[in-house]
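The next block is run18.pdb, given as PDB, C-alpha atoms and all ligand atoms.
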ATOM      1  CA  MET E   1       0.000   0.000   0.000
ATOM      2  CA  LYS E   2       1.230   3.546  -0.808
ATOM      3  CA  PHE E   3      -0.097   6.685   0.842
ATOM      4  CA  GLU E   4       0.742  10.206   1.945
ATOM      5  CA  SER E   5       0.454  10.868   5.651
ATOM      6  CA  GLY E   6       0.971  13.818   7.967
ATOM      7  CA  VAL E   7       3.352  13.937  10.927
ATOM      8  CA  THR E   8       1.331  13.976  14.154
ATOM      9  CA  GLN E   9       4.125  13.916  16.724
ATOM     10  CA  ILE E  10       7.919  13.825  17.036
ATOM     11  CA  LEU E  11       9.457  12.322  20.178
ATOM     12  CA  GLN E  12      13.066  12.758  21.305
ATOM     13  CA  ARG E  13      14.146   9.263  22.457
ATOM     14  CA  SER E  14      17.844   9.897  23.155
ATOM     15  CA  HIS E  15      20.543  12.454  22.325
ATOM     16  CA  ASN E  16      20.505  11.354  18.645
ATOM     17  CA  ILE E  17      17.363   9.264  18.203
ATOM     18  CA  LYS E  18      13.877  10.544  17.421
ATOM     19  CA  SER E  19      10.554   8.833  16.774
ATOM     20  CA  PHE E  20       8.334  10.175  13.996
ATOM     21  CA  ARG E  21       4.625   9.473  14.273
ATOM     22  CA  PHE E  22       2.219   9.647  11.349
ATOM     23  CA  ARG E  23      -1.536   9.328  11.071
ATOM     24  CA  ARG E  24      -2.370   5.665  10.383
ATOM     25  CA  PRO E  25      -4.850   5.149   7.532
ATOM     26  CA  ASP E  26      -7.693   2.742   8.423
ATOM     27  CA  LYS E  27      -6.671   0.310   5.702
ATOM     28  CA  PHE E  28      -2.973   0.191   6.591
ATOM     29  CA  ASP E  29      -2.294  -3.183   8.163
ATOM     30  CA  PHE E  30       1.067  -4.632   9.133
ATOM     31  CA  LYS E  31       2.678  -7.249  11.346
ATOM     32  CA  ALA E  32       4.880  -6.421  14.327
ATOM     33  CA  GLY E  33       8.506  -6.365  13.155
ATOM     34  CA  GLN E  34       7.888  -5.167   9.580
ATOM     35  CA  TYR E  35       9.249  -2.038   7.902
ATOM     36  CA  ILE E  36       8.066   0.800   5.643
ATOM     37  CA  VAL E  37       9.771   3.004   3.050
ATOM     38  CA  VAL E  38       9.496   6.728   3.755
ATOM     39  CA  THR E  39       9.776   9.311   0.956
ATOM     40  CA  ILE E  40      10.436  12.968   1.749
ATOM     41  CA  ASP E  41      11.747  16.047  -0.068
ATOM     42  CA  VAL E  42      15.490  16.390   0.315
ATOM     43  CA  ALA E  43      17.037  19.474  -1.283
ATOM     44  CA  GLY E  44      14.212  19.716  -3.819
ATOM     45  CA  LYS E  45      14.253  16.008  -4.794
ATOM     46  CA  LYS E  46      12.308  13.008  -3.500
ATOM     47  CA  ALA E  47      14.415  10.603  -1.422
ATOM     48  CA  SER E  48      13.314   7.287   0.107
ATOM     49  CA  LYS E  49      14.718   5.160   2.947
ATOM     50  CA  PRO E  50      13.477   2.032   4.741
ATOM     51  CA  PHE E  51      12.614   2.128   8.457
ATOM     52  CA  SER E  52      11.310  -0.579  10.763
ATOM     53  CA  LEU E  53       8.024   0.329  12.391
ATOM     54  CA  SER E  54       8.617   0.855  16.095
ATOM     55  CA  SER E  55       4.864   1.038  16.684
ATOM     56  CA  SER E  56       2.705  -2.049  17.072
ATOM     57  CA  PRO E  57      -0.293  -3.081  14.958
ATOM     58  CA  THR E  58      -2.317  -2.653  18.184
ATOM     59  CA  GLU E  59      -1.629   1.116  18.143
ATOM     60  CA  LYS E  60      -4.425   2.113  15.807
ATOM     61  CA  ASP E  61      -4.179   5.901  15.715
ATOM     62  CA  HIS E  62      -0.583   6.242  14.511
ATOM     63  CA  ILE E  63       2.359   4.529  12.887
ATOM     64  CA  GLU E  64       5.815   5.317  14.181
ATOM     65  CA  PHE E  65       9.380   4.811  13.030
ATOM     66  CA  THR E  66      12.460   5.727  15.020
ATOM     67  CA  LYS E  67      15.534   7.204  13.338
ATOM     68  CA  LYS E  68      19.093   7.555  14.468
ATOM     69  CA  LEU E  69      19.970  11.083  13.364
ATOM     70  CA  THR E  70      23.220  11.228  11.413
ATOM     71  CA  GLY E  71      23.521  14.883  10.383
ATOM     72  CA  HIS E  72      23.364  13.789   6.736
ATOM     73  CA  GLU E  73      20.969  15.203   4.120
ATOM     74  CA  TYR E  74      18.009  12.846   4.482
ATOM     75  CA  SER E  75      18.327  12.778   8.250
ATOM     76  CA  ASN E  76      18.390  16.594   8.464
ATOM     77  CA  ALA E  77      15.388  16.920   6.148
ATOM     78  CA  LEU E  78      13.455  14.474   8.321
ATOM     79  CA  ASP E  79      14.572  16.239  11.479
ATOM     80  CA  SER E  80      13.295  19.552  10.124
ATOM     81  CA  MET E  81       9.777  18.141   9.635
ATOM     82  CA  ARG E  82       7.062  19.505  11.887
ATOM     83  CA  ALA E  83       3.580  18.333  12.863
ATOM     84  CA  GLY E  84       1.332  18.618   9.798
ATOM     85  CA  ASP E  85       4.138  18.106   7.220
ATOM     86  CA  SER E  86       3.560  15.082   5.063
ATOM     87  CA  ALA E  87       5.628  12.161   3.754
ATOM     88  CA  GLY E  88       5.059   9.339   1.283
ATOM     89  CA  ILE E  89       4.869   5.935   2.925
ATOM     90  CA  SER E  90       4.847   2.506   1.304
ATOM     91  CA  GLY E  91       4.717  -0.936   2.837
ATOM     92  CA  PRO E  92       4.578  -2.993   4.858
ATOM     93  CA  TYR E  93       7.650  -5.018   3.911
ATOM     94  CA  GLY E  94       9.816  -7.634   5.559
ATOM     95  CA  LYS E  95       9.655 -11.158   6.896
ATOM     96  CA  MET E  96      11.024 -10.587  10.412
ATOM     97  CA  SER E  97       7.501 -10.390  11.776
ATOM     98  CA  PHE E  98       5.615 -11.937  14.676
ATOM     99  CA  GLU E  99       1.904 -12.592  15.089
ATOM    100  CA  GLY E 100       1.948 -15.043  18.003
ATOM    101  CA  GLU E 101       2.929 -18.118  15.995
ATOM    102  CA  PHE E 102       5.575 -19.358  18.509
ATOM    103  CA  ASP E 103       5.228 -20.089  22.251
ATOM    104  CA  ARG E 104       8.753 -19.015  23.218
ATOM    105  CA  ILE E 105      10.909 -16.440  21.459
ATOM    106  CA  VAL E 106      14.198 -14.616  21.960
ATOM    107  CA  LEU E 107      14.750 -11.159  20.453
ATOM    108  CA  LEU E 108      18.391 -10.110  19.956
ATOM    109  CA  SER E 109      18.877  -6.425  19.139
ATOM    110  CA  GLY E 110      21.945  -4.305  18.459
ATOM    111  CA  GLY E 111      21.668  -0.498  18.653
ATOM    112  CA  ILE E 112      18.856   0.916  16.505
ATOM    113  CA  GLY E 113      17.826  -2.720  15.830
ATOM    114  CA  ILE E 114      15.642  -2.264  18.913
ATOM    115  CA  THR E 115      12.924  -0.625  16.766
ATOM    116  CA  PRO E 116      11.113  -3.744  15.450
ATOM    117  CA  MET E 117      11.667  -5.451  18.825
ATOM    118  CA  ARG E 118       9.748  -2.670  20.579
ATOM    119  CA  SER E 119       6.922  -3.314  18.114
ATOM    120  CA  ILE E 120       6.925  -7.060  18.883
ATOM    121  CA  CYS E 121       7.068  -6.535  22.694
ATOM    122  CA  ARG E 122       4.244  -3.971  22.547
ATOM    123  CA  TYR E 123       2.184  -6.314  20.357
ATOM    124  CA  CYS E 124       2.594  -9.320  22.690
ATOM    125  CA  THR E 125       1.774  -7.150  25.720
ATOM    126  CA  ASP E 126      -1.275  -5.405  24.229
ATOM    127  CA  MET E 127      -2.680  -8.663  22.838
ATOM    128  CA  GLY E 128      -2.131 -10.459  26.169
ATOM    129  CA  LEU E 129      -0.339 -13.280  24.343
ATOM    130  CA  ASP E 130       0.986 -16.254  26.314
ATOM    131  CA  THR E 131       4.189 -16.124  24.256
ATOM    132  CA  ASP E 132       7.230 -16.093  26.522
ATOM    133  CA  VAL E 133       9.526 -13.323  25.249
ATOM    134  CA  VAL E 134      13.148 -12.660  26.223
ATOM    135  CA  LEU E 135      14.589  -9.467  24.729
ATOM    136  CA  ILE E 136      18.375  -9.119  24.876
ATOM    137  CA  CYS E 137      19.540  -5.640  23.790
ATOM    138  CA  SER E 138      23.054  -4.446  23.231
ATOM    139  CA  ASP E 139      23.976  -0.748  23.084
ATOM    140  CA  LYS E 140      27.175   1.227  23.552
ATOM    141  CA  THR E 141      26.343   3.509  26.476
ATOM    142  CA  GLU E 142      23.488   4.409  28.837
ATOM    143  CA  GLU E 143      22.684   7.392  26.573
ATOM    144  CA  ASP E 144      22.053   5.081  23.623
ATOM    145  CA  MET E 145      19.301   3.073  25.325
ATOM    146  CA  VAL E 146      15.865   3.832  23.879
ATOM    147  CA  PHE E 147      12.404   2.616  24.969
ATOM    148  CA  TRP E 148      13.874   1.467  28.306
ATOM    149  CA  ASN E 149      11.201   3.048  30.554
ATOM    150  CA  GLU E 150       8.451   1.725  28.368
ATOM    151  CA  LEU E 151       9.963  -1.757  28.255
ATOM    152  CA  GLU E 152      10.167  -1.765  32.063
ATOM    153  CA  GLU E 153       6.511  -0.725  32.198
ATOM    154  CA  MET E 154       5.641  -3.543  29.783
ATOM    155  CA  MET E 155       7.519  -6.049  31.979
ATOM    156  CA  HIS E 156       5.260  -5.065  34.894
ATOM    157  CA  LYS E 157       2.139  -5.627  32.793
ATOM    158  CA  ASN E 158       3.338  -8.717  30.940
ATOM    159  CA  ARG E 159       4.814 -11.435  33.152
ATOM    160  CA  ASN E 160       5.857 -13.318  29.986
ATOM    161  CA  LEU E 161       8.317 -10.568  29.015
ATOM    162  CA  MET E 162      11.891 -10.326  30.273
ATOM    163  CA  VAL E 163      14.370  -7.679  29.083
ATOM    164  CA  PHE E 164      18.127  -7.945  29.520
ATOM    165  CA  GLN E 165      20.403  -5.024  28.621
ATOM    166  CA  THR E 166      24.118  -5.124  27.955
ATOM    167  CA  LEU E 167      26.273  -2.008  27.373
ATOM    168  CA  THR E 168      29.660  -2.382  25.686
ATOM    169  CA  ARG E 169      30.993   1.086  26.628
ATOM    170  CA  ALA E 170      29.034   1.825  29.795
ATOM    171  CA  SER E 171      30.060   4.431  32.349
ATOM    172  CA  GLY E 172      31.624   3.386  35.664
ATOM    173  CA  ASN E 173      28.197   3.458  37.344
ATOM    174  CA  TRP E 174      26.673   0.721  35.193
ATOM    175  CA  LYS E 175      26.143  -2.425  37.270
ATOM    176  CA  GLY E 176      24.931  -4.647  34.432
ATOM    177  CA  SER E 177      26.629  -6.643  31.695
ATOM    178  CA  ARG E 178      29.386  -5.009  29.608
ATOM    179  CA  GLU E 179      29.865  -7.802  27.101
ATOM    180  CA  ARG E 180      28.600  -7.985  23.547
ATOM    181  CA  ILE E 181      25.780 -10.493  23.160
ATOM    182  CA  ASN E 182      27.495 -13.888  23.167
ATOM    183  CA  ALA E 183      26.695 -17.576  23.640
ATOM    184  CA  GLY E 184      27.281 -17.306  27.402
ATOM    185  CA  ILE E 185      24.752 -14.474  27.811
ATOM    186  CA  ILE E 186      22.141 -16.336  25.753
ATOM    187  CA  LYS E 187      22.610 -19.610  27.670
ATOM    188  CA  HIS E 188      22.543 -17.840  31.040
ATOM    189  CA  GLN E 189      19.564 -15.567  30.366
ATOM    190  CA  VAL E 190      17.578 -18.136  28.402
ATOM    191  CA  PRO E 191      18.316 -21.622  29.784
ATOM    192  CA  ASP E 192      15.614 -23.151  27.509
ATOM    193  CA  TYR E 193      17.126 -21.466  24.410
ATOM    194  CA  LEU E 194      17.046 -24.733  22.430
ATOM    195  CA  THR E 195      13.236 -24.710  22.545
ATOM    196  CA  ARG E 196      12.882 -21.164  21.179
ATOM    197  CA  HIS E 197      12.626 -19.240  17.931
ATOM    198  CA  PHE E 198      15.051 -16.333  17.524
ATOM    199  CA  PHE E 199      14.638 -12.854  16.008
ATOM    200  CA  VAL E 200      17.778 -10.846  15.251
ATOM    201  CA  CYS E 201      17.981  -7.174  14.246
ATOM    202  CA  GLY E 202      20.887  -4.747  14.130
ATOM    203  CA  PRO E 203      23.686  -3.492  11.884
ATOM    204  CA  PRO E 204      24.901  -6.101   9.331
ATOM    205  CA  GLY E 205      28.031  -6.981  11.369
ATOM    206  CA  MET E 206      25.965  -7.617  14.492
ATOM    207  CA  VAL E 207      23.467  -9.778  12.579
ATOM    208  CA  GLU E 208      26.299 -11.826  11.024
ATOM    209  CA  SER E 209      27.947 -12.374  14.370
ATOM    210  CA  MET E 210      24.606 -13.386  15.986
ATOM    211  CA  MET E 211      24.068 -15.914  13.183
ATOM    212  CA  GLU E 212      27.496 -17.437  13.892
ATOM    213  CA  ILE E 213      26.797 -17.589  17.633
ATOM    214  CA  LEU E 214      23.354 -19.140  17.113
ATOM    215  CA  HIS E 215      24.963 -21.713  14.823
ATOM    216  CA  THR E 216      27.522 -22.634  17.494
ATOM    217  CA  ILE E 217      24.759 -23.180  20.055
ATOM    218  CA  ASP E 218      22.816 -25.435  17.665
ATOM    219  CA  ILE E 219      19.906 -23.184  16.712
ATOM    220  CA  PRO E 220      18.894 -24.238  13.192
ATOM    221  CA  GLU E 221      18.473 -21.478  10.574
ATOM    222  CA  GLU E 222      14.781 -22.268  10.155
ATOM    223  CA  LYS E 223      14.254 -21.127  13.761
ATOM    224  CA  ILE E 224      15.823 -17.697  13.100
ATOM    225  CA  LYS E 225      14.268 -14.578  11.545
ATOM    226  CA  LYS E 226      16.587 -11.660  10.886
ATOM    227  CA  GLU E 227      16.672  -8.072   9.593
ATOM    228  CA  SER E 228      19.847  -6.121   8.856
ATOM    229  CA  ILE E 229      19.682  -2.377   9.454
ATOM    230  CA  THR E 230      21.876  -1.510   6.487
ATOM    231  CA  GLY E 231      22.782   2.061   5.640
ATOM    232  CA  TYR E 232      25.139   3.115   8.432
TER     233      TYR E 232
HETATM  234  C1  LIG Y   1      14.977  -3.021   6.654
HETATM  235  C2  LIG Y   1      15.632  -1.780   7.207
HETATM  236  C3  LIG Y   1      15.142  -1.201   8.351
HETATM  237  C4  LIG Y   1      15.738  -0.037   8.856
HETATM  238  N1  LIG Y   1      15.247   0.497  10.014
HETATM  239  C5  LIG Y   1      15.832   1.592  10.548
HETATM  240  C6  LIG Y   1      15.370   2.143  11.781
HETATM  241  O1  LIG Y   1      14.424   1.638  12.403
HETATM  242  N2  LIG Y   1      15.997   3.268  12.233
HETATM  243  C7  LIG Y   1      17.058   3.846  11.577
HETATM  244  O2  LIG Y   1      17.588   4.842  12.066
HETATM  245  N3  LIG Y   1      17.527   3.341  10.418
HETATM  246  C8  LIG Y   1      16.934   2.227   9.891
HETATM  247  N4  LIG Y   1      17.411   1.710   8.707
HETATM  248  C9  LIG Y   1      18.514   2.405   8.021
HETATM  249  C10 LIG Y   1      17.957   3.613   7.252
HETATM  250  O3  LIG Y   1      17.246   3.203   6.106
HETATM  251  C11 LIG Y   1      19.072   4.587   6.820
HETATM  252  O4  LIG Y   1      19.936   3.930   5.939
HETATM  253  C12 LIG Y   1      19.863   5.090   8.009
HETATM  254  O5  LIG Y   1      18.971   5.665   8.953
HETATM  255  C13 LIG Y   1      20.934   6.128   7.597
HETATM  256  O6  LIG Y   1      20.323   7.122   6.827
HETATM  257  P1  LIG Y   1      20.928   8.619   6.767
HETATM  258  O7  LIG Y   1      20.278   9.269   5.605
HETATM  259  O8  LIG Y   1      20.808   9.259   8.090
HETATM  260  O9  LIG Y   1      22.448   8.372   6.528
HETATM  261  P2  LIG Y   1      23.233   8.268   5.129
HETATM  262  O10 LIG Y   1      23.474   9.602   4.596
HETATM  263  O11 LIG Y   1      22.553   7.254   4.260
HETATM  264  O12 LIG Y   1      24.579   7.680   5.662
HETATM  265  C14 LIG Y   1      24.787   6.286   5.679
HETATM  266  C15 LIG Y   1      26.274   5.969   5.541
HETATM  267  O13 LIG Y   1      26.927   6.732   4.528
HETATM  268  C16 LIG Y   1      27.990   7.507   5.074
HETATM  269  N5  LIG Y   1      27.861   8.905   4.547
HETATM  270  C17 LIG Y   1      26.805   9.427   3.923
HETATM  271  N6  LIG Y   1      27.015  10.719   3.595
HETATM  272  C18 LIG Y   1      28.236  11.013   4.027
HETATM  273  C19 LIG Y   1      29.016  12.182   4.008
HETATM  274  N7  LIG Y   1      28.593  13.313   3.447
HETATM  275  N8  LIG Y   1      30.231  12.126   4.586
HETATM  276  C20 LIG Y   1      30.677  10.985   5.142
HETATM  277  N9  LIG Y   1      29.986   9.850   5.192
HETATM  278  C21 LIG Y   1      28.792   9.847   4.647
HETATM  279  C22 LIG Y   1      27.764   7.499   6.552
HETATM  280  O14 LIG Y   1      28.965   7.496   7.282
HETATM  281  C23 LIG Y   1      27.038   6.228   6.804
HETATM  282  O15 LIG Y   1      27.934   5.177   6.984
HETATM  283  C24 LIG Y   1      16.840   0.538   8.184
HETATM  284  C25 LIG Y   1      17.351  -0.058   7.033
HETATM  285  C26 LIG Y   1      16.756  -1.196   6.547
HETATM  286  C27 LIG Y   1      17.316  -1.837   5.300
END

Please re-express this file's structure in structure tokens.
Amino acid sequence: MKFESGVTQILQRSHNIKSFRFRRPDKFDFKAGQYIVVTIDVAGKKASKPFSLSSSPTEKDHIEFTKKLTGHEYSNALDSMRAGDSAGISGPYGKMSFEGEFDRIVLLSGGIGITPMRSICRYCTDMGLDTDVVLICSDKTEEDMVFWNELEEMMHKNRNLMVFQTLTRASGNWKGSRERINAGIIKHQVPDYLTRHFFVCGPPGMVESMMEILHTIDIPEEKIKKESITGY
């Protein structure tokens, strides 16, 4: 489906990450974890980029994507948009989606790869699914963590959701894990990992390294869905 939609809200999520919310047309349907392509005017020309939807299908009044701002042309043009400005949107696309088809899942996210995972967690929570979800997120520093307060809130509502955060360049105050996601973290946080389906999203290098790790711990490829956030 292709449509034009107006910005309804812009939310600052971290020092360099913002969420852009658009009016959701009645007929626009998607699955948690999918992405859209967003077309805007950049220096007088149309430019398009893909973004995972960070909103959930259960959020009926808006669709949202969440962009790491880079200071480059497209990013600046997006950042200069205000409520009421409109963009072209097409989609949904992508196979890394979840509709409740598995009983136990693990979500592995690196950096901005958290966006589709927020959609999946929100979906499972709003739908009251029995699916047991473990989300393992890796970021560089405390400042890079997005959706953390909301994920904590979701954990209170949804006893089937557990979130584990690791920070590879955390400040001295951080009491949690400082390792990159590795086999040890997965085995420790998810002792029944062999019974689960995995979802992986992050920069291409992170996704490749997760695939290698999942291979070493005997997770077959058919139990893994993945999305690479290319473009950085
Ligand atoms: C399926 C999918 C889902 C995605 N979901 C998200 C998402 O949820 N959130 C998100 O933020 N992104 C997402 N992306 C990536 C997104 O589409 C963009 O590629 C990304 O946000 C960077 O766009 P940009 O215009 O800010 O940067 P770009 O200008 O495209 O820069 C990208 C790369 O080019 C280099 N570069 C570009 N211009 C210059 C310059 N003038 N000088 C030096 N280096 C330069 C940069 O260093 C960088 O490595 C997704 C991508 C895919 C494929």

Identify, on the basis of only C-alpha atoms, every residue whose closest approach to stretch 125-135 of chain E does not exceed 9 Å; exclude the query and any residue fewer than 3 positions from it along the same chain; express the result as an MDAnalysis selection string.
chainID E and resid 56 58:59 100:109 117 120:122 154:155 157:165 189:190

Atom CA of E:Asn76 to atom CA of E:Asp41 measures 10.8 Å

May I have the residues within 10 Å of ligand LIG 1 (chain Y), computed using all atoms listed in the file, as a PyMOL selection string?
chain E and resi 16-19+33-38+47-54+64-79+93-96+111-117+201-204+226-232

Might you pull out every residue within 10 Å of E:Lys140, with only C-alpha atoms counted and same-chain residues fewer than 2 positions away left off, and present them as a JSON list (two decimals) with C-alpha atoms, keeping the file's coordinate frame?
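Ended up saving to result-v2.json:
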[["chain", "number", "residue", "atom", "x", "y", "z"],
["E", 110, "GLY", "CA", 21.94, -4.30, 18.46],
["E", 111, "GLY", "CA", 21.67, -0.50, 18.65],
["E", 138, "SER", "CA", 23.05, -4.45, 23.23],
["E", 142, "GLU", "CA", 23.49, 4.41, 28.84],
["E", 143, "GLU", "CA", 22.68, 7.39, 26.57],
["E", 144, "ASP", "CA", 22.05, 5.08, 23.62],
["E", 145, "MET", "CA", 19.30, 3.07, 25.32],
["E", 166, "THR", "CA", 24.12, -5.12, 27.96],
["E", 167, "LEU", "CA", 26.27, -2.01, 27.37],
["E", 168, "THR", "CA", 29.66, -2.38, 25.69],
["E", 169, "ARG", "CA", 30.99, 1.09, 26.63],
["E", 170, "ALA", "CA", 29.03, 1.82, 29.80],
["E", 171, "SER", "CA", 30.06, 4.43, 32.35],
["E", 178, "ARG", "CA", 29.39, -5.01, 29.61],
["E", 180, "ARG", "CA", 28.60, -7.98, 23.55]]

Straight-line distance linking atom CA of E:Ser80 with atom CA of E:Ala43, stated in Å to one decimal
12.0 Å

Just how far from atom CA of E:Thr216 is atom CA of E:Gly176, in Å to one decimal?
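The value is 24.8 Å.
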
Non-local contacts of E:Gln9 (9 Å; all atoms listed in the file; under 5 positions in same chain excluded) as a PyMOL selection string:
chain E and resi 19-22+82-84

With distances taken over all atoms listed in the file, which residue among E:Leu214, E:Thr39, E:Ser119, E:Trp174 lies nearest E:Ile186?
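When distances to E:Ile186 are compared using all atoms listed in the file, the smallest one comes from E:Leu214.
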
Check the smallest atom-to-atom distance from each of E:Glu179, E:Ser209, E:Lys45, E:Asp26 to E:Thr141 using all atoms listed in the file, then report the winner.
E:Glu179

Quick one: which residues end up in the PyMOL selection byres (((chain E and resi 28) around 10) and not hetatm) for this structure, as a PyMOL selection string?
chain E and resi 1-3+24-27+29-30+57+60+63+90-92

Would you mind exporting C-alpha atoms of the selected residues as a PDB file, in the coordinates of the input?
ATOM      1  CA  MET E   1       0.000   0.000   0.000  1.00  0.00           C
ATOM      2  CA  LYS E   2       1.230   3.546  -0.808  1.00  0.00           C
ATOM      3  CA  PHE E   3      -0.097   6.685   0.842  1.00  0.00           C
ATOM      4  CA  ARG E  24      -2.370   5.665  10.383  1.00  0.00           C
ATOM      5  CA  PRO E  25      -4.850   5.149   7.532  1.00  0.00           C
ATOM      6  CA  ASP E  26      -7.693   2.742   8.423  1.00  0.00           C
ATOM      7  CA  LYS E  27      -6.671   0.310   5.702  1.00  0.00           C
ATOM      8  CA  ASP E  29      -2.294  -3.183   8.163  1.00  0.00           C
ATOM      9  CA  PHE E  30       1.067  -4.632   9.133  1.00  0.00           C
ATOM     10  CA  PRO E  57      -0.293  -3.081  14.958  1.00  0.00           C
ATOM     11  CA  LYS E  60      -4.425   2.113  15.807  1.00  0.00           C
ATOM     12  CA  ILE E  63       2.359   4.529  12.887  1.00  0.00           C
ATOM     13  CA  SER E  90       4.847   2.506   1.304  1.00  0.00           C
ATOM     14  CA  GLY E  91       4.717  -0.936   2.837  1.00  0.00           C
ATOM     15  CA  PRO E  92       4.578  -2.993   4.858  1.00  0.00           C
TER      16      PRO E  92
END

Counting all atoms listed in the file, closest pick from E:His215, E:Lys223, E:Asn173, E:Cys137 relative to E:Ile185 is E:Cys137

Would you kindly place N, CA, C and O atoms on stretch 108-123 of chain E and return the model as an mmCIF file, in the coordinates of the input?
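Below you can see rebuild14.cif, which holds the result:
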data_model
loop_
_atom_site.group_PDB
_atom_site.id
_atom_site.type_symbol
_atom_site.label_atom_id
_atom_site.label_comp_id
_atom_site.auth_asym_id
_atom_site.auth_seq_id
_atom_site.Cartn_x
_atom_site.Cartn_y
_atom_site.Cartn_z
ATOM 1 N N LEU E 108 17.030 -10.624 19.758
ATOM 2 C CA LEU E 108 18.391 -10.110 19.956
ATOM 3 C C LEU E 108 18.522 -8.817 19.168
ATOM 4 O O LEU E 108 18.380 -8.827 17.934
ATOM 5 N N SER E 109 18.781 -7.693 19.873
ATOM 6 C CA SER E 109 18.877 -6.425 19.139
ATOM 7 C C SER E 109 20.203 -5.733 19.402
ATOM 8 O O SER E 109 20.732 -5.757 20.518
ATOM 9 N N GLY E 110 20.724 -5.102 18.345
ATOM 10 C CA GLY E 110 21.945 -4.305 18.459
ATOM 11 C C GLY E 110 21.630 -2.880 18.058
ATOM 12 O O GLY E 110 21.115 -2.652 16.956
ATOM 13 N N GLY E 111 21.865 -1.922 18.956
ATOM 14 C CA GLY E 111 21.668 -0.498 18.653
ATOM 15 C C GLY E 111 20.255 -0.199 18.181
ATOM 16 O O GLY E 111 19.270 -0.601 18.803
ATOM 17 N N ILE E 112 20.164 0.475 17.018
ATOM 18 C CA ILE E 112 18.856 0.916 16.505
ATOM 19 C C ILE E 112 17.993 -0.287 16.074
ATOM 20 O O ILE E 112 16.791 -0.137 15.825
ATOM 21 N N GLY E 113 18.575 -1.475 16.079
ATOM 22 C CA GLY E 113 17.826 -2.720 15.830
ATOM 23 C C GLY E 113 16.756 -2.983 16.881
ATOM 24 O O GLY E 113 15.958 -3.909 16.744
ATOM 25 N N ILE E 114 16.685 -2.151 17.894
ATOM 26 C CA ILE E 114 15.642 -2.264 18.913
ATOM 27 C C ILE E 114 14.264 -1.920 18.329
ATOM 28 O O ILE E 114 13.232 -2.326 18.883
ATOM 29 N N THR E 115 14.216 -1.165 17.219
ATOM 30 C CA THR E 115 12.924 -0.625 16.766
ATOM 31 C C THR E 115 11.854 -1.700 16.482
ATOM 32 O O THR E 115 10.752 -1.599 17.027
ATOM 33 N N PRO E 116 12.164 -2.741 15.675
ATOM 34 C CA PRO E 116 11.113 -3.744 15.450
ATOM 35 C C PRO E 116 10.839 -4.578 16.700
ATOM 36 O O PRO E 116 9.748 -5.144 16.850
ATOM 37 N N MET E 117 11.842 -4.656 17.596
ATOM 38 C CA MET E 117 11.667 -5.451 18.825
ATOM 39 C C MET E 117 10.685 -4.748 19.765
ATOM 40 O O MET E 117 9.896 -5.384 20.456
ATOM 41 N N ARG E 118 10.724 -3.416 19.766
ATOM 42 C CA ARG E 118 9.748 -2.670 20.579
ATOM 43 C C ARG E 118 8.344 -2.970 20.048
ATOM 44 O O ARG E 118 7.403 -3.165 20.815
ATOM 45 N N SER E 119 8.221 -3.020 18.726
ATOM 46 C CA SER E 119 6.922 -3.314 18.114
ATOM 47 C C SER E 119 6.426 -4.696 18.556
ATOM 48 O O SER E 119 5.264 -4.854 18.950
ATOM 49 N N ILE E 120 7.312 -5.684 18.514
ATOM 50 C CA ILE E 120 6.925 -7.060 18.883
ATOM 51 C C ILE E 120 6.554 -7.138 20.372
ATOM 52 O O ILE E 120 5.542 -7.747 20.741
ATOM 53 N N CYS E 121 7.358 -6.497 21.237
ATOM 54 C CA CYS E 121 7.068 -6.535 22.694
ATOM 55 C C CYS E 121 5.728 -5.858 22.991
ATOM 56 O O CYS E 121 4.925 -6.346 23.786
ATOM 57 N N ARG E 122 5.501 -4.703 22.336
ATOM 58 C CA ARG E 122 4.244 -3.971 22.547
ATOM 59 C C ARG E 122 3.057 -4.823 22.080
ATOM 60 O O ARG E 122 2.025 -4.890 22.734
ATOM 61 N N TYR E 123 3.247 -5.479 20.927
ATOM 62 C CA TYR E 123 2.184 -6.314 20.357
ATOM 63 C C TYR E 123 1.831 -7.457 21.317
ATOM 64 O O TYR E 123 0.658 -7.662 21.634
#
